[in-house]
Structure formats: C-alpha cells, structure tokens
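Listing of structure.txt, compact mmCIF, C-alpha atoms (C1' of nucleotides)
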```txt
# COMPACT_ATOMS: atom_id res chain seq x y z
CA MET A 1 5.63 13.66 -8.61
CA LYS A 2 6.41 11.15 -11.30
CA LEU A 3 3.59 8.90 -12.42
CA ARG A 4 3.93 5.28 -13.39
CA SER A 5 1.44 5.98 -16.17
CA HIS A 6 -1.29 8.38 -17.24
CA CYS A 7 -4.02 5.80 -16.93
CA PRO A 8 -6.71 7.68 -14.99
CA ILE A 9 -7.08 4.87 -12.47
CA ASN A 10 -3.37 4.80 -11.87
CA PHE A 11 -3.37 8.58 -11.52
CA SER A 12 -6.05 8.32 -8.85
CA LEU A 13 -4.20 5.53 -7.08
CA GLU A 14 -0.98 7.48 -6.99
CA HIS A 15 -2.87 10.28 -5.26
CA PHE A 16 -4.73 8.33 -2.61
CA GLY A 17 -4.03 4.66 -3.22
CA ASP A 18 -3.11 3.84 0.34
CA LYS A 19 -5.28 2.98 3.28
CA TRP A 20 -4.68 5.98 5.48
CA SER A 21 -5.24 8.81 3.02
CA LEU A 22 -8.75 7.69 2.23
CA LEU A 23 -9.59 7.26 5.91
CA ILE A 24 -8.61 10.89 6.50
CA LEU A 25 -10.82 11.93 3.60
CA ARG A 26 -13.64 9.87 5.06
CA ASP A 27 -13.26 11.66 8.40
CA LEU A 28 -13.39 15.02 6.66
CA MET A 29 -16.40 14.12 4.54
CA PHE A 30 -18.56 12.03 6.81
CA LYS A 31 -17.42 12.48 10.38
CA GLU A 32 -17.09 16.25 10.65
CA LYS A 33 -13.48 15.96 11.75
CA ARG A 34 -11.30 18.97 11.06
CA HIS A 35 -8.35 18.75 13.48
CA TYR A 36 -5.26 16.66 13.98
CA ASN A 37 -6.34 15.16 17.28
CA GLU A 38 -9.71 14.20 15.90
CA PHE A 39 -8.10 12.25 13.08
CA LEU A 40 -5.78 10.64 15.60
CA ASP A 41 -8.49 8.94 17.58
CA SER A 42 -10.18 7.20 14.69
CA GLU A 43 -11.39 3.68 15.21
CA GLU A 44 -8.64 2.39 12.96
CA LYS A 45 -5.88 3.82 15.18
CA VAL A 46 -3.59 5.64 12.83
CA SER A 47 -0.19 6.39 14.34
CA THR A 48 0.74 10.03 14.75
CA SER A 49 3.78 9.72 12.51
CA VAL A 50 1.75 8.28 9.64
CA LEU A 51 -0.98 10.87 10.16
CA GLY A 52 1.46 13.78 10.01
CA ASN A 53 2.98 12.34 6.89
CA ARG A 54 -0.33 11.83 5.08
CA LEU A 55 -1.67 15.27 5.96
CA LYS A 56 1.43 16.80 4.47
CA LEU A 57 1.13 14.65 1.35
CA LEU A 58 -2.54 15.40 0.80
CA GLU A 59 -1.80 19.08 1.21
CA LYS A 60 1.00 18.93 -1.35
CA LEU A 61 -1.35 17.18 -3.76
CA ASP A 62 -3.88 19.98 -3.26
CA ILE A 63 -6.54 17.66 -1.89
CA ILE A 64 -6.71 19.38 1.50
CA THR A 65 -5.58 22.76 2.89
CA LYS A 66 -4.57 24.05 6.28
CA SER A 67 -5.85 27.23 7.91
CA THR A 68 -6.21 28.62 11.39
CA ASP A 69 -9.31 27.68 13.29
CA ASP A 70 -12.14 30.20 13.38
CA VAL A 71 -12.42 30.34 17.15
CA LYS A 72 -8.99 29.45 18.47
CA LYS A 73 -6.36 31.01 16.28
CA SER A 74 -3.60 28.74 17.56
CA ARG A 75 -5.51 25.76 16.28
CA ILE A 76 -5.15 24.39 12.77
CA LYS A 77 -8.21 23.51 10.74
CA TYR A 78 -8.06 21.17 7.78
CA SER A 79 -10.36 21.67 4.81
CA LEU A 80 -11.09 19.87 1.59
CA THR A 81 -10.19 21.63 -1.63
CA ARG A 82 -12.47 21.34 -4.64
CA LYS A 83 -10.17 18.62 -5.92
CA GLY A 84 -10.64 16.73 -2.66
CA LEU A 85 -14.36 17.34 -2.63
CA ASP A 86 -14.63 15.90 -6.11
CA MET A 87 -13.59 12.58 -4.67
CA LEU A 88 -16.96 12.26 -2.94
CA PRO A 89 -18.47 9.94 -5.59
CA ILE A 90 -15.55 7.54 -5.19
CA LEU A 91 -16.07 7.39 -1.44
CA ILE A 92 -19.82 6.92 -1.90
CA GLU A 93 -19.26 3.95 -4.19
CA MET A 94 -16.85 2.46 -1.70
CA ILE A 95 -19.48 2.81 1.02
CA VAL A 96 -22.04 1.10 -1.18
CA TRP A 97 -19.72 -1.78 -2.03
CA GLY A 98 -18.40 -2.19 1.51
CA GLY A 99 -21.88 -1.93 2.93
CA MET A 100 -23.12 -4.58 0.53
CA TYR A 101 -20.44 -7.19 1.27
CA ASP A 102 -19.76 -6.73 4.98
CA SER A 103 -22.49 -8.45 6.93
CA TYR A 104 -21.43 -6.54 10.02
CA THR A 105 -21.19 -3.18 8.31
CA ALA A 106 -21.53 -0.04 10.36
CA ALA A 107 -23.35 1.69 7.50
CA SER A 108 -27.08 2.12 8.07
CA THR A 109 -29.35 0.29 5.66
CA ALA A 110 -31.27 3.54 5.26
CA PHE A 111 -28.20 5.32 3.95
CA LEU A 112 -27.17 2.40 1.77
CA SER A 113 -30.51 2.07 0.04
CA GLU A 114 -30.85 5.81 -0.46
CA ALA A 115 -27.34 5.94 -1.92
CA LYS A 116 -28.27 3.17 -4.33
CA GLU A 117 -31.72 4.34 -5.31
CA ASP A 118 -31.16 8.07 -5.34
CA ARG A 119 -27.46 8.40 -5.78
CA ALA A 120 -27.38 11.77 -7.52
CA TYR A 121 -29.51 13.36 -4.85
CA VAL A 122 -27.52 11.92 -1.95
CA ILE A 123 -24.27 13.10 -3.50
CA SER A 124 -25.53 16.58 -4.26
CA GLU A 125 -26.90 17.03 -0.75
CA ILE A 126 -23.67 15.96 0.93
CA ARG A 127 -21.72 18.03 -1.53
CA LYS A 128 -23.76 21.14 -0.86
CA LYS A 129 -23.10 20.81 2.84
CA LEU A 130 -19.38 20.15 2.37
CA GLU A 131 -18.98 23.09 0.00
CA LYS A 132 -20.47 25.35 2.63
CA GLU A 133 -18.18 24.03 5.35
CA HIS A 134 -14.97 23.63 3.37
CA LEU A 135 -14.88 25.99 0.43
CA MET A 136 -16.62 29.13 1.74
CA LYS A 137 -14.62 32.08 3.09
CA MET B 1 -9.15 -11.76 7.88
CA LYS B 2 -9.45 -9.40 10.81
CA LEU B 3 -10.75 -5.92 10.08
CA ARG B 4 -9.58 -2.76 11.73
CA SER B 5 -13.23 -1.65 11.77
CA HIS B 6 -16.57 -2.26 10.12
CA CYS B 7 -16.71 1.15 8.53
CA PRO B 8 -17.72 0.35 4.94
CA ILE B 9 -14.90 2.45 3.52
CA ASN B 10 -12.38 0.69 5.69
CA PHE B 11 -13.88 -2.66 4.69
CA SER B 12 -13.41 -1.75 1.03
CA LEU B 13 -9.87 -0.54 1.66
CA GLU B 14 -8.90 -3.73 3.44
CA HIS B 15 -10.06 -5.64 0.36
CA PHE B 16 -8.37 -3.64 -2.38
CA GLY B 17 -6.74 -0.64 -0.73
CA ASP B 18 -3.39 -1.06 -2.39
CA LYS B 19 -2.18 0.07 -5.77
CA TRP B 20 -1.69 -3.26 -7.47
CA SER B 21 -4.99 -4.95 -6.72
CA LEU B 22 -6.96 -2.20 -8.38
CA LEU B 23 -4.69 -2.21 -11.42
CA ILE B 24 -5.38 -5.92 -11.87
CA LEU B 25 -9.09 -5.23 -11.62
CA ARG B 26 -8.71 -2.46 -14.17
CA ASP B 27 -6.99 -4.86 -16.57
CA LEU B 28 -9.81 -7.37 -16.14
CA MET B 29 -12.55 -4.79 -16.58
CA PHE B 30 -11.21 -2.45 -19.23
CA LYS B 31 -8.30 -4.11 -20.98
CA GLU B 32 -9.65 -7.56 -21.69
CA LYS B 33 -6.74 -9.20 -19.90
CA ARG B 34 -7.39 -12.66 -18.51
CA HIS B 35 -3.96 -14.31 -18.05
CA TYR B 36 -0.95 -13.99 -15.80
CA ASN B 37 1.43 -12.87 -18.51
CA GLU B 38 -0.96 -10.24 -19.76
CA PHE B 39 -1.15 -8.67 -16.31
CA LEU B 40 2.62 -8.84 -16.10
CA ASP B 41 3.29 -6.57 -19.00
CA SER B 42 1.12 -3.70 -17.84
CA GLU B 43 2.42 -0.20 -18.37
CA GLU B 44 2.96 0.13 -14.63
CA LYS B 45 5.37 -2.83 -14.51
CA VAL B 46 4.15 -4.96 -11.66
CA SER B 47 6.72 -7.48 -10.48
CA THR B 48 5.89 -11.13 -10.80
CA SER B 49 6.09 -11.78 -7.06
CA VAL B 50 3.66 -8.99 -6.28
CA LEU B 51 1.36 -10.12 -9.06
CA GLY B 52 1.31 -13.72 -7.83
CA ASN B 53 0.63 -12.51 -4.33
CA ARG B 54 -2.22 -10.19 -5.30
CA LEU B 55 -3.93 -12.74 -7.52
CA LYS B 56 -3.94 -15.17 -4.64
CA LEU B 57 -5.29 -12.53 -2.28
CA LEU B 58 -8.04 -11.41 -4.63
CA GLU B 59 -9.01 -15.03 -5.10
CA LYS B 60 -9.16 -15.64 -1.36
CA LEU B 61 -11.36 -12.55 -1.00
CA ASP B 62 -13.67 -13.97 -3.68
CA ILE B 63 -13.15 -11.02 -6.01
CA ILE B 64 -11.68 -13.13 -8.80
CA THR B 65 -11.61 -16.86 -9.63
CA LYS B 66 -9.26 -19.13 -11.50
CA SER B 67 -10.24 -21.64 -14.15
CA THR B 68 -8.61 -23.42 -17.05
CA ASP B 69 -8.57 -21.60 -20.33
CA ASP B 70 -11.19 -22.56 -22.92
CA VAL B 71 -8.73 -23.36 -25.69
CA LYS B 72 -5.51 -24.38 -23.96
CA LYS B 73 -6.29 -26.45 -20.94
CA SER B 74 -2.85 -25.96 -19.41
CA ARG B 75 -3.48 -22.24 -19.29
CA ILE B 76 -5.17 -20.48 -16.40
CA LYS B 77 -7.89 -17.94 -17.00
CA TYR B 78 -8.83 -15.37 -14.41
CA SER B 79 -12.41 -14.15 -14.09
CA LEU B 80 -14.25 -11.58 -12.03
CA THR B 81 -16.79 -12.85 -9.53
CA ARG B 82 -20.01 -10.96 -8.98
CA LYS B 83 -18.39 -9.37 -5.96
CA GLY B 84 -15.52 -8.18 -8.14
CA LEU B 85 -17.85 -7.04 -10.87
CA ASP B 86 -19.75 -4.95 -8.35
CA MET B 87 -16.65 -2.84 -7.96
CA LEU B 88 -17.18 -1.39 -11.43
CA PRO B 89 -18.80 1.85 -10.19
CA ILE B 90 -15.81 2.52 -7.95
CA LEU B 91 -13.43 2.13 -10.87
CA ILE B 92 -15.62 4.34 -13.05
CA GLU B 93 -15.54 7.13 -10.47
CA MET B 94 -11.79 6.81 -10.22
CA ILE B 95 -11.53 7.15 -13.99
CA VAL B 96 -13.70 10.25 -13.89
CA TRP B 97 -11.67 11.86 -11.10
CA GLY B 98 -8.31 10.91 -12.55
CA GLY B 99 -9.38 12.00 -16.01
CA MET B 100 -10.51 15.34 -14.65
CA TYR B 101 -7.33 16.21 -12.78
CA ASP B 102 -4.59 14.76 -14.95
CA SER B 103 -3.97 17.11 -17.85
CA TYR B 104 -2.11 14.34 -19.64
CA THR B 105 -4.70 11.66 -18.99
CA ALA B 106 -4.89 8.69 -21.29
CA ALA B 107 -8.68 8.60 -20.94
CA SER B 108 -10.57 9.82 -23.98
CA THR B 109 -12.68 12.92 -23.51
CA ALA B 110 -15.49 11.07 -25.23
CA PHE B 111 -15.51 8.37 -22.56
CA LEU B 112 -15.11 10.87 -19.75
CA SER B 113 -18.03 13.03 -20.81
CA GLU B 114 -20.25 10.04 -21.46
CA ALA B 115 -19.38 8.63 -18.05
CA LYS B 116 -20.30 11.93 -16.47
CA GLU B 117 -23.44 12.69 -18.43
CA ASP B 118 -24.85 9.21 -18.76
CA ARG B 119 -23.23 7.33 -15.97
CA ALA B 120 -25.93 4.72 -15.39
CA TYR B 121 -25.99 3.77 -19.06
CA VAL B 122 -22.22 3.52 -19.37
CA ILE B 123 -22.02 1.34 -16.29
CA SER B 124 -24.84 -0.95 -17.35
CA GLU B 125 -23.37 -1.45 -20.82
CA ILE B 126 -19.92 -2.33 -19.51
CA ARG B 127 -21.48 -4.50 -16.89
CA LYS B 128 -23.58 -6.41 -19.38
CA LYS B 129 -20.48 -7.18 -21.42
CA LEU B 130 -18.44 -8.22 -18.38
CA GLU B 131 -21.20 -10.46 -17.07
CA LYS B 132 -21.25 -12.27 -20.37
CA GLU B 133 -17.48 -12.75 -20.39
CA HIS B 134 -16.86 -13.47 -16.71
CA LEU B 135 -19.95 -14.95 -15.10
CA MET B 136 -21.44 -17.13 -17.85
CA LYS B 137 -20.80 -20.85 -18.08
C1' DT C 1 13.73 -36.89 -29.71
C1' DA C 2 16.02 -33.11 -27.74
C1' DT C 3 15.90 -28.34 -26.85
C1' DT C 4 13.69 -24.09 -26.30
C1' DT C 5 9.89 -21.34 -25.12
C1' DT C 6 5.71 -20.21 -22.67
C1' DA C 7 3.05 -19.86 -18.55
C1' DA C 8 2.47 -19.45 -13.85
C1' DC C 9 4.34 -19.13 -10.18
C1' DT C 10 7.98 -19.25 -5.58
C1' DT C 11 12.02 -17.83 -2.99
C1' DG C 12 15.43 -14.71 -1.10
C1' DC C 13 16.81 -10.48 0.21
C1' DA C 14 17.12 -5.36 0.37
C1' DA C 15 14.42 -1.27 0.74
C1' DA C 16 10.48 1.05 2.23
C1' DA C 17 6.52 1.65 5.19
C1' DC C 18 4.52 1.24 9.55
C1' DC C 19 3.94 1.75 14.43
C1' DG C 20 4.44 2.95 19.27
C1' DA C 21 6.85 5.70 22.33
C1' DA C 22 9.14 9.70 23.35
C1' DG C 23 10.34 14.42 22.48
C1' DC C 24 9.47 19.20 21.00
C1' DT C 25 7.30 23.89 20.52
C1' DA C 26 3.98 27.35 21.16
C1' DA C 27 -0.33 28.82 22.89
C1' DA C 28 -3.98 28.39 26.38
C1' DA C 29 -5.83 27.12 30.64
C1' DT C 30 -5.24 26.57 35.62
C1' DA D 1 4.36 29.80 37.35
C1' DT D 2 2.98 25.29 36.00
C1' DT D 3 0.22 22.16 33.48
C1' DT D 4 -2.40 20.97 29.57
C1' DT D 5 -3.63 21.05 24.73
C1' DA D 6 -2.54 20.92 19.89
C1' DG D 7 0.17 19.67 16.21
C1' DC D 8 3.54 17.83 14.99
C1' DT D 9 8.88 15.29 14.43
C1' DT D 10 12.26 11.80 15.56
C1' DC D 11 13.79 7.27 16.86
C1' DG D 12 14.24 2.38 16.57
C1' DG D 13 12.23 -1.98 15.88
C1' DT D 14 8.98 -4.82 13.18
C1' DT D 15 6.36 -5.77 9.19
C1' DT D 16 5.36 -5.31 4.40
C1' DT D 17 6.74 -4.53 -0.22
C1' DG D 18 8.98 -5.20 -4.40
C1' DC D 19 12.83 -6.47 -7.67
C1' DA D 20 15.70 -10.24 -9.44
C1' DA D 21 16.50 -14.78 -9.94
C1' DG D 22 15.04 -19.47 -9.76
C1' DT D 23 11.46 -23.35 -10.42
C1' DT D 24 8.18 -26.47 -12.63
C1' DA D 25 5.41 -28.34 -16.03
C1' DA D 26 3.36 -28.22 -20.45
C1' DA D 27 3.74 -26.93 -25.36
C1' DA D 28 6.09 -25.60 -29.34
C1' DT D 29 10.10 -25.97 -32.26
C1' DA D 30 14.33 -28.09 -34.33
```
Please express the file's structure as structure tokens.
Amino acid sequence: MKLRSHCPINFSLEHFGDKWSLLILRDLMFKEKRHYNEFLDSEEKVSTSVLGNRLKLLEKLDIITKSTDDVKKSRIKYSLTRKGLDMLPILIEMIVWGGMYDSYTAASTAFLSEAKEDRAYVISEIRKKLEKEHLMK
Amino acid sequence: MKLRSHCPINFSLEHFGDKWSLLILRDLMFKEKRHYNEFLDSEEKVSTSVLGNRLKLLEKLDIITKSTDDVKKSRIKYSLTRKGLDMLPILIEMIVWGGMYDSYTAASTAFLSEAKEDRAYVISEIRKKLEKEHLMK
DNA sequence: TATTTTAACTTGCAAAACCGAAGCTAAAAT
DNA sequence: ATTTTAGCTTCGGTTTTGCAAGTTAAAATA
C-alpha cells in the first residue's frame, strides 16, 4: 500500500476513507453484526460485490479478522482487531456530529447527550464490551 | 440531497465521506489555508476539477462559505461555518488514530500525546483560534 | 499600453468504482 | 436425494472520479 502522504488524516482516509468501509465498522461496533449476510441487509443496501471487496480490504489492513463461528463451524465470523477497535472514538464523533445536524437522525437523544457530556465513560463502556466480544479467545 | 438512511454515521459519511473533502477541511483547520491555489498545492495533489467540485459541494452543504478576501477584493477566501467547525473532534480523532498506526507519521509525538492526554483542552484551544479566524466579522 | 501572470474555475474524456443479477461451492437442513 | 443457507466471485452496464487542457477576469509587469 502506497500512501499519498504521511499526514495522519490522510493515513486514516486511505484506510477507511470510503463510505462502505465505515458502515461495516459501524455494524460491527454498534449493531452486533458478525456475519456476511447480516452486513448485506443493512439499511443502506450495500451490493454483495462491494461488500466482499471491502471485507477483504479491511482484513488486509488488519482492521478486521475472519474466524469460524463458535456454534456452526462452517460459518465465518468477523471480528474487530485492536487496530479496528481503536477507531471507536472516530465513529463516536461522527455519531455526535451526524446526530447534531440531521433533524431526522435515528440516534437517540439520550445517547447523543451522554456521548457529549460523558464521552470518556461512554467510550470506555462500549470498548469494554467490544473487547470482550472481539478480542477474547 | 437524498440520504441512504438517517443513521448518524451514514449522515456524516454522505456529507464528507470521500477522501478529498476531509483533506480540504484539514487544510482549513490545521494548515491555515484559505484560498483555492493553496488547497491545490497540497502534498496529496488534488486535481483542480476535483477541488472545484468539492468546494462547491461543501459550500452547498453549509460546511464552508465563500467571501472576498480582506486585502485583495478580487480574491476569494474560504471559511469554515459553525457546522464545519464542529467537525474538529472528528479530525482530531483521525489524527490520533493515524498517528498511532503509521510508523512514519508526520504528526509530532508532542501533539499526539497532548491530544490523547488532554483532549478537551487541545480541542478548545484550536477551536477558539478557528472561531476567531473563520466566524468573526 | 501591451503582455504576462495569478486566481478560480469549467470542460472533455478515459479510467475506476459501483451495482444488480447471476453463478459457484461447500455445508447443513429437510 | 434435494433444497436451503452462507459466503463469496464474475459479468456487464451505469455512474462517478480524476487528470489534462482550456477559459475568464483581474492584477502585476514590461
């Protein structure tokens, strides 16, 4: 992977600076989705070809990993890596901004005000949960 | 503008979910750039057609505004709106993430550790400065 | 005064990305 | 033995992107 520059913002953008990648991350972080078909039927209707492509990319960038499902061994489970999990604050800020400027936002006002007033706590709680579900065993 | 969904993350992505828009915002926030030609010679080499297009888009979305330059009245000066300024925390988190995972990052370790340890202060200081330069008069 | 340069775009076209439908493979359920 | 589920890949058409070149109008220079 060749970078256009080593500006940290550009570095981030070259990792997930497209619409679909971040929506997959959102599904992993906030919607408990872990499987291909679950990502497929998101509200935003990603096409299966784009989804396959992005999953592969995110895996290559070490933001997510694949493993076999705990119950059905023929099923593939996607997990966040630590690198992926560390993106949580970015997503939280995007929720806050989007929630603030979209008058029809789907975000609950309860979540939005807690994220604003007690940001560190909200992040650490979500993070704790995600670490348990994605990084353990 | 028709949204794919009212998920706050998707809302944010549909506003600036492409590489170039965020690089323009970065230039406005952290590189003191205010004019077309300054954006043009960024390290990442945006093409003039893309730049023109993005500036127009960001203006339509009320993230930036155009005005005549203070000294030369034939020159156009770009400013952040409050809505654009409110994106600062997102950019900061992207700097932190990019700075953490790029071993050749251009971000100074001083800035990175201050942003991590004293985030609220760093943001409010930058914000204060940007408000003065972009929102006043 | 004539010519060049600066500034901010616009246009045209090729390349890349996207999207929907169809196909493919292996395991699981019926 | 057949159908369904899961996770993809491939195909072709449409849309979006991005580089190069051209445009316009004001300002600086000769």
Can you show chain B as a CSV table (one decimal) with C-alpha atoms, keeping the file's coordinate frame once it has been least-squares superposed onto chain A, using every C-alpha atom paired in order?
```
chain,number,residue,atom,x,y,z
B,1,MET,CA,5.7,13.7,-8.5
B,2,LYS,CA,6.5,11.2,-11.2
B,3,LEU,CA,3.6,8.9,-12.4
B,4,ARG,CA,4.0,5.3,-13.3
B,5,SER,CA,1.5,6.0,-16.1
B,6,HIS,CA,-1.2,8.4,-17.2
B,7,CYS,CA,-4.0,5.8,-16.9
B,8,PRO,CA,-6.7,7.7,-14.9
B,9,ILE,CA,-7.0,4.9,-12.4
B,10,ASN,CA,-3.3,4.8,-11.8
B,11,PHE,CA,-3.3,8.6,-11.5
B,12,SER,CA,-6.0,8.3,-8.8
B,13,LEU,CA,-4.2,5.5,-7.0
B,14,GLU,CA,-0.9,7.5,-6.9
B,15,HIS,CA,-2.9,10.3,-5.2
B,16,PHE,CA,-4.7,8.4,-2.6
B,17,GLY,CA,-4.1,4.7,-3.2
B,18,ASP,CA,-3.2,3.9,0.4
B,19,LYS,CA,-5.3,3.0,3.3
B,20,TRP,CA,-4.7,6.0,5.5
B,21,SER,CA,-5.3,8.8,3.0
B,22,LEU,CA,-8.8,7.7,2.2
B,23,LEU,CA,-9.6,7.3,5.9
B,24,ILE,CA,-8.6,10.9,6.5
B,25,LEU,CA,-10.9,11.9,3.6
B,26,ARG,CA,-13.7,9.9,5.1
B,27,ASP,CA,-13.3,11.7,8.4
B,28,LEU,CA,-13.4,15.0,6.7
B,29,MET,CA,-16.4,14.1,4.5
B,30,PHE,CA,-18.6,12.0,6.8
B,31,LYS,CA,-17.4,12.5,10.4
B,32,GLU,CA,-17.1,16.3,10.6
B,33,LYS,CA,-13.5,16.0,11.8
B,34,ARG,CA,-11.3,19.0,11.1
B,35,HIS,CA,-8.3,18.8,13.5
B,36,TYR,CA,-5.3,16.7,13.9
B,37,ASN,CA,-6.3,15.2,17.2
B,38,GLU,CA,-9.7,14.2,15.9
B,39,PHE,CA,-8.1,12.3,13.1
B,40,LEU,CA,-5.8,10.7,15.6
B,41,ASP,CA,-8.5,9.0,17.6
B,42,SER,CA,-10.2,7.2,14.7
B,43,GLU,CA,-11.4,3.7,15.2
B,44,GLU,CA,-8.7,2.4,13.0
B,45,LYS,CA,-5.9,3.9,15.2
B,46,VAL,CA,-3.6,5.7,12.8
B,47,SER,CA,-0.2,6.5,14.3
B,48,THR,CA,0.7,10.1,14.7
B,49,SER,CA,3.7,9.8,12.4
B,50,VAL,CA,1.7,8.3,9.6
B,51,LEU,CA,-1.0,10.9,10.1
B,52,GLY,CA,1.4,13.8,10.0
B,53,ASN,CA,2.9,12.4,6.8
B,54,ARG,CA,-0.4,11.8,5.0
B,55,LEU,CA,-1.7,15.3,5.9
B,56,LYS,CA,1.4,16.8,4.4
B,57,LEU,CA,1.1,14.7,1.3
B,58,LEU,CA,-2.6,15.4,0.8
B,59,GLU,CA,-1.8,19.1,1.2
B,60,LYS,CA,1.0,18.9,-1.4
B,61,LEU,CA,-1.4,17.2,-3.8
B,62,ASP,CA,-3.9,20.0,-3.3
B,63,ILE,CA,-6.6,17.7,-1.9
B,64,ILE,CA,-6.7,19.4,1.5
B,65,THR,CA,-5.6,22.8,2.9
B,66,LYS,CA,-4.5,24.0,6.2
B,67,SER,CA,-5.8,27.2,7.9
B,68,THR,CA,-6.1,28.6,11.4
B,69,ASP,CA,-9.2,27.7,13.3
B,70,ASP,CA,-12.0,30.2,13.5
B,71,VAL,CA,-12.2,30.3,17.3
B,72,LYS,CA,-8.7,29.4,18.5
B,73,LYS,CA,-6.1,31.0,16.3
B,74,SER,CA,-3.4,28.7,17.5
B,75,ARG,CA,-5.3,25.7,16.3
B,76,ILE,CA,-5.1,24.4,12.7
B,77,LYS,CA,-8.2,23.5,10.7
B,78,TYR,CA,-8.0,21.2,7.8
B,79,SER,CA,-10.4,21.7,4.8
B,80,LEU,CA,-11.1,19.9,1.6
B,81,THR,CA,-10.2,21.6,-1.6
B,82,ARG,CA,-12.5,21.3,-4.6
B,83,LYS,CA,-10.2,18.6,-5.9
B,84,GLY,CA,-10.7,16.7,-2.7
B,85,LEU,CA,-14.4,17.3,-2.6
B,86,ASP,CA,-14.6,15.9,-6.1
B,87,MET,CA,-13.6,12.6,-4.7
B,88,LEU,CA,-17.0,12.3,-2.9
B,89,PRO,CA,-18.5,9.9,-5.6
B,90,ILE,CA,-15.6,7.5,-5.2
B,91,LEU,CA,-16.1,7.4,-1.4
B,92,ILE,CA,-19.8,6.9,-1.9
B,93,GLU,CA,-19.3,3.9,-4.2
B,94,MET,CA,-16.8,2.4,-1.7
B,95,ILE,CA,-19.5,2.8,1.0
B,96,VAL,CA,-22.0,1.1,-1.2
B,97,TRP,CA,-19.7,-1.8,-2.0
B,98,GLY,CA,-18.4,-2.2,1.5
B,99,GLY,CA,-21.9,-2.0,2.9
B,100,MET,CA,-23.1,-4.6,0.5
B,101,TYR,CA,-20.4,-7.2,1.3
B,102,ASP,CA,-19.7,-6.8,5.0
B,103,SER,CA,-22.5,-8.5,6.9
B,104,TYR,CA,-21.4,-6.6,10.0
B,105,THR,CA,-21.2,-3.2,8.3
B,106,ALA,CA,-21.6,-0.1,10.4
B,107,ALA,CA,-23.4,1.7,7.5
B,108,SER,CA,-27.1,2.1,8.0
B,109,THR,CA,-29.4,0.2,5.6
B,110,ALA,CA,-31.3,3.5,5.2
B,111,PHE,CA,-28.2,5.3,3.9
B,112,LEU,CA,-27.2,2.4,1.7
B,113,SER,CA,-30.5,2.0,0.0
B,114,GLU,CA,-30.8,5.8,-0.5
B,115,ALA,CA,-27.3,5.9,-1.9
B,116,LYS,CA,-28.3,3.1,-4.3
B,117,GLU,CA,-31.7,4.3,-5.3
B,118,ASP,CA,-31.1,8.0,-5.4
B,119,ARG,CA,-27.4,8.4,-5.8
B,120,ALA,CA,-27.4,11.7,-7.5
B,121,TYR,CA,-29.5,13.3,-4.8
B,122,VAL,CA,-27.5,11.9,-2.0
B,123,ILE,CA,-24.3,13.1,-3.5
B,124,SER,CA,-25.5,16.6,-4.3
B,125,GLU,CA,-26.9,17.0,-0.7
B,126,ILE,CA,-23.7,16.0,0.9
B,127,ARG,CA,-21.7,18.0,-1.5
B,128,LYS,CA,-23.8,21.1,-0.9
B,129,LYS,CA,-23.1,20.8,2.8
B,130,LEU,CA,-19.4,20.2,2.4
B,131,GLU,CA,-19.0,23.1,0.0
B,132,LYS,CA,-20.5,25.4,2.6
B,133,GLU,CA,-18.2,24.1,5.4
B,134,HIS,CA,-15.0,23.7,3.4
B,135,LEU,CA,-14.9,26.0,0.4
B,136,MET,CA,-16.6,29.1,1.7
B,137,LYS,CA,-14.8,32.1,3.1
```
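The part of chain D that reaches within 8 Å of chain A is made up of DA6, DG7, DC8 and DT9 of chain D, counting only C-alpha atoms (C1' of nucleotides).
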Of the listed residues A:Ser113, A:Ser21, A:Ser67, A:Ser47, that which approaches chain C most closely, counting only C-alpha atoms (C1' of nucleotides)
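For chain C, the nearest of the given residues is A:Ser47.
Shortest separation to DG18 of chain D among C:DA8, C:DA21, C:DA14, C:DA2 occurs at residue C:DA14, atoms counted being only C-alpha atoms (C1' of nucleotides).
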Select residues of chain A: the criterion is any atom within 8 Å of an atom of chain B, counting all atoms listed in the file; output as a short mmCIF file (atom, residue, chain, number, x, y, z; two decimals) with C-alpha atoms, in the frame of the given file.
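Once everything was written out, this is part.cif:
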```cif
data_model
loop_
_atom_site.label_atom_id
_atom_site.label_comp_id
_atom_site.auth_asym_id
_atom_site.auth_seq_id
_atom_site.Cartn_x
_atom_site.Cartn_y
_atom_site.Cartn_z
CA ARG A 4 3.93 5.28 -13.39
CA SER A 5 1.44 5.98 -16.17
CA HIS A 6 -1.29 8.38 -17.24
CA CYS A 7 -4.02 5.80 -16.93
CA PRO A 8 -6.71 7.68 -14.99
CA ILE A 9 -7.08 4.87 -12.47
CA ASN A 10 -3.37 4.80 -11.87
CA PHE A 11 -3.37 8.58 -11.52
CA SER A 12 -6.05 8.32 -8.85
CA LEU A 13 -4.20 5.53 -7.08
CA GLU A 14 -0.98 7.48 -6.99
CA GLY A 17 -4.03 4.66 -3.22
CA ASP A 18 -3.11 3.84 0.34
CA LYS A 19 -5.28 2.98 3.28
CA LEU A 23 -9.59 7.26 5.91
CA ARG A 26 -13.64 9.87 5.06
CA GLU A 43 -11.39 3.68 15.21
CA GLU A 44 -8.64 2.39 12.96
CA LYS A 83 -10.17 18.62 -5.92
CA ASP A 86 -14.63 15.90 -6.11
CA MET A 87 -13.59 12.58 -4.67
CA PRO A 89 -18.47 9.94 -5.59
CA ILE A 90 -15.55 7.54 -5.19
CA LEU A 91 -16.07 7.39 -1.44
CA GLU A 93 -19.26 3.95 -4.19
CA MET A 94 -16.85 2.46 -1.70
CA ILE A 95 -19.48 2.81 1.02
CA VAL A 96 -22.04 1.10 -1.18
CA TRP A 97 -19.72 -1.78 -2.03
CA GLY A 98 -18.40 -2.19 1.51
CA GLY A 99 -21.88 -1.93 2.93
CA TYR A 101 -20.44 -7.19 1.27
CA ASP A 102 -19.76 -6.73 4.98
CA TYR A 104 -21.43 -6.54 10.02
CA THR A 105 -21.19 -3.18 8.31
CA ALA A 106 -21.53 -0.04 10.36
CA ALA A 107 -23.35 1.69 7.50
#
```
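The neighbours of DG12 of chain C here are the residues that come within 10 Å of it, using only C-alpha atoms (C1' of nucleotides) and leaving out any residue fewer than 3 positions away in the same chain; they are D:DA20, D:DA21, D:DG22.
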